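Just below is one structure, and these are the notes that go with it.
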Amino acid sequence: MSSPKNEQIRKAAGELFWKYGFTRVTVEEICREAGVSKMTFYKYYRNKNDLVKSIMEEKINEGMARYREIMSSDLPYTKKVEQIILQKMEHTRDMSSEFLRDYFSSGDEELMAFANEKTRASVEMVTEDFHRAQEQGLIREDIRIGFIMYFINKMVHLAQDEELKKQYESINDLIMELTRFFFYGVMKRI
């Protein structure tokens, strides 16, 4: 539901959630920051977790659309993977660590089911793309897709490591080096 009032709620909630996480933020604080009544809030959302899910769904959908755009581009496969890693980092960086911590450890069954479903769907899509790449000879057949997925997630964490980042002029330089290492290892190309 897009309306000026709903956008005010989403904007205010986003700012508060990114700053404090969402467990510490109340509906009252969101309403005060948005300049709307609680009645207006409940017109759009059943509760705060409903709003959290809505915000996350929007972020996930934006990320998946960008992923699809990258995968359907004419870029060489190594550049696609590089762009995917960059995109995943930017997507994560857009949200605060407080928000992500609350999101993945809220204990709320409905929110956890939502998070698990969204994660499952995105992992399934990426896994299918890697299988296709293997079939096309773009990825070695003797490496398990599960290992590739695990390693890419570790690369995202490595790219956020402050000590490692200090060794590079830019985050893009670090991402390119991680991608080259991922694809070619440390042996000299023949």
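Residue names in the structure tokens use chain letters A, B, ... in the order shown, residue numbers from 1 in each chain, and ligand numbers from 1 in the order shown.
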Margin query: Taking the DSSP secondary structure from the backbone, can you list the residues of region 4-190 of chain A that are alpha helix (DSSP H), as a PyMOL selection string?
Written below: chain A and resi 4-20+27-34+38-44+48-71+77-93+97-105+109-135+145-159+162-165+171-184
Generate the output file for the selected residues, C-alpha atoms, as a compact mmCIF listing (two decimals), in the first residue's frame.
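Once written, again.txt looks like this:
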# COMPACT_ATOMS: atom_id res chain seq x y z
CA PRO A 4 1.98 9.54 1.63
CA LYS A 5 1.13 8.48 5.22
CA ASN A 6 2.42 4.95 4.65
CA GLU A 7 5.63 6.33 3.12
CA GLN A 8 6.07 8.58 6.18
CA ILE A 9 5.70 5.51 8.44
CA ARG A 10 8.17 3.46 6.37
CA LYS A 11 10.71 6.28 6.20
CA ALA A 12 10.52 7.00 9.94
CA ALA A 13 10.66 3.31 10.81
CA GLY A 14 13.62 2.74 8.51
CA GLU A 15 15.58 5.57 10.10
CA LEU A 16 14.80 4.36 13.62
CA PHE A 17 15.37 0.67 12.79
CA TRP A 18 18.73 1.37 11.12
CA LYS A 19 19.84 3.42 14.10
CA TYR A 20 18.58 1.26 16.98
CA VAL A 27 5.13 1.78 17.46
CA GLU A 28 4.64 5.00 19.43
CA GLU A 29 8.14 6.20 18.50
CA ILE A 30 7.57 5.36 14.85
CA CYS A 31 4.28 7.27 14.86
CA ARG A 32 5.80 10.26 16.61
CA GLU A 33 8.73 10.35 14.15
CA ALA A 34 6.37 9.91 11.17
CA LYS A 38 -1.30 4.98 16.01
CA MET A 39 -4.66 4.51 14.28
CA THR A 40 -3.00 5.45 10.99
CA PHE A 41 -0.15 3.02 11.68
CA TYR A 42 -2.61 0.18 12.30
CA LYS A 43 -4.47 1.04 9.12
CA TYR A 44 -1.40 -0.22 7.22
CA LYS A 48 5.62 -3.64 14.24
CA ASN A 49 6.79 -7.02 12.93
CA ASP A 50 4.38 -6.69 10.01
CA LEU A 51 6.13 -3.42 9.16
CA VAL A 52 9.55 -5.06 9.54
CA LYS A 53 8.50 -7.83 7.15
CA SER A 54 7.19 -5.28 4.67
CA ILE A 55 10.43 -3.31 4.73
CA MET A 56 12.52 -6.46 4.41
CA GLU A 57 10.38 -7.76 1.56
CA GLU A 58 10.93 -4.51 -0.32
CA LYS A 59 14.70 -4.70 0.27
CA ILE A 60 14.84 -8.36 -0.75
CA ASN A 61 12.77 -7.76 -3.88
CA GLU A 62 15.04 -4.86 -4.86
CA GLY A 63 18.09 -7.08 -4.32
CA MET A 64 16.63 -9.96 -6.33
CA ALA A 65 15.64 -7.65 -9.19
CA ARG A 66 19.20 -6.31 -9.30
CA TYR A 67 20.55 -9.88 -9.18
CA ARG A 68 18.34 -10.87 -12.14
CA GLU A 69 19.49 -7.76 -14.02
CA ILE A 70 23.14 -8.73 -13.49
CA MET A 71 22.59 -12.37 -14.45
CA TYR A 77 30.57 -14.67 -16.04
CA THR A 78 33.44 -13.60 -13.74
CA LYS A 79 32.20 -9.99 -13.93
CA LYS A 80 28.67 -11.15 -13.11
CA VAL A 81 29.91 -12.88 -9.96
CA GLU A 82 31.95 -9.81 -9.05
CA GLN A 83 28.87 -7.61 -9.49
CA ILE A 84 26.75 -10.02 -7.43
CA ILE A 85 29.24 -9.90 -4.56
CA LEU A 86 29.37 -6.09 -4.73
CA GLN A 87 25.58 -5.92 -4.84
CA LYS A 88 25.25 -8.25 -1.86
CA MET A 89 27.68 -6.12 0.13
CA GLU A 90 25.89 -2.89 -0.76
CA HIS A 91 22.55 -4.47 0.09
CA THR A 92 23.83 -5.54 3.50
CA ARG A 93 25.57 -2.21 4.09
CA SER A 97 24.04 -4.28 11.93
CA GLU A 98 21.54 -3.56 14.74
CA PHE A 99 18.62 -4.11 12.39
CA LEU A 100 20.10 -7.29 10.89
CA ARG A 101 20.93 -8.65 14.35
CA ASP A 102 17.34 -8.08 15.48
CA TYR A 103 15.95 -9.49 12.24
CA PHE A 104 17.86 -12.78 12.46
CA SER A 105 17.56 -13.25 16.22
CA GLU A 109 8.14 -17.34 14.89
CA GLU A 110 6.32 -15.49 12.12
CA LEU A 111 9.29 -13.22 11.42
CA MET A 112 11.72 -16.16 11.48
CA ALA A 113 9.50 -18.16 9.11
CA PHE A 114 9.41 -15.16 6.78
CA ALA A 115 13.23 -14.76 6.94
CA ASN A 116 13.77 -18.48 6.35
CA GLU A 117 11.41 -18.53 3.38
CA LYS A 118 13.01 -15.50 1.73
CA THR A 119 16.49 -16.93 2.32
CA ARG A 120 15.45 -20.32 0.94
CA ALA A 121 13.94 -18.78 -2.20
CA SER A 122 17.00 -16.64 -2.95
CA VAL A 123 19.45 -19.48 -2.28
CA GLU A 124 17.40 -21.75 -4.54
CA MET A 125 17.48 -19.21 -7.37
CA VAL A 126 21.23 -18.60 -7.09
CA THR A 127 21.92 -22.34 -6.82
CA GLU A 128 19.95 -22.97 -10.02
CA ASP A 129 21.99 -20.27 -11.76
CA PHE A 130 25.25 -21.89 -10.64
CA HIS A 131 24.04 -25.31 -11.84
CA ARG A 132 23.24 -23.75 -15.21
CA ALA A 133 26.69 -22.17 -15.29
CA GLN A 134 28.24 -25.57 -14.56
CA GLU A 135 26.24 -27.15 -17.39
CA ILE A 145 27.62 -25.82 -5.73
CA GLY A 146 27.10 -25.84 -1.94
CA PHE A 147 30.78 -25.08 -1.47
CA ILE A 148 30.59 -22.23 -3.99
CA MET A 149 27.61 -20.72 -2.16
CA TYR A 150 29.37 -21.04 1.19
CA PHE A 151 32.57 -19.53 -0.16
CA ILE A 152 30.78 -16.56 -1.75
CA ASN A 153 29.12 -15.78 1.61
CA LYS A 154 32.55 -15.94 3.26
CA MET A 155 33.91 -13.59 0.58
CA VAL A 156 31.23 -11.04 1.49
CA HIS A 157 32.32 -11.28 5.13
CA LEU A 158 35.98 -10.97 4.13
CA ALA A 159 35.20 -7.86 2.10
CA GLU A 162 38.39 -3.75 8.42
CA GLU A 163 41.97 -5.09 8.52
CA LEU A 164 41.68 -6.52 5.01
CA LYS A 165 40.02 -3.36 3.64
CA ILE A 171 36.30 -1.75 -1.74
CA ASN A 172 35.96 -2.45 -5.48
CA ASP A 173 39.68 -3.32 -5.65
CA LEU A 174 39.22 -5.75 -2.77
CA ILE A 175 36.13 -7.31 -4.40
CA MET A 176 37.98 -7.73 -7.70
CA GLU A 177 40.88 -9.43 -5.94
CA LEU A 178 38.57 -11.74 -4.00
CA THR A 179 36.76 -12.60 -7.24
CA ARG A 180 40.03 -13.32 -9.05
CA PHE A 181 41.14 -15.50 -6.15
CA PHE A 182 37.78 -17.28 -6.20
CA PHE A 183 38.01 -18.04 -9.91
CA TYR A 184 41.73 -18.55 -10.42
Item checked: Atom pair CA of Met95 (chain A) / CA of Gly21 (chain A): separation (Å) ->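 Taking CA of Met95 (chain A) and CA of Gly21 (chain A), their separation equals 9.5 Å.
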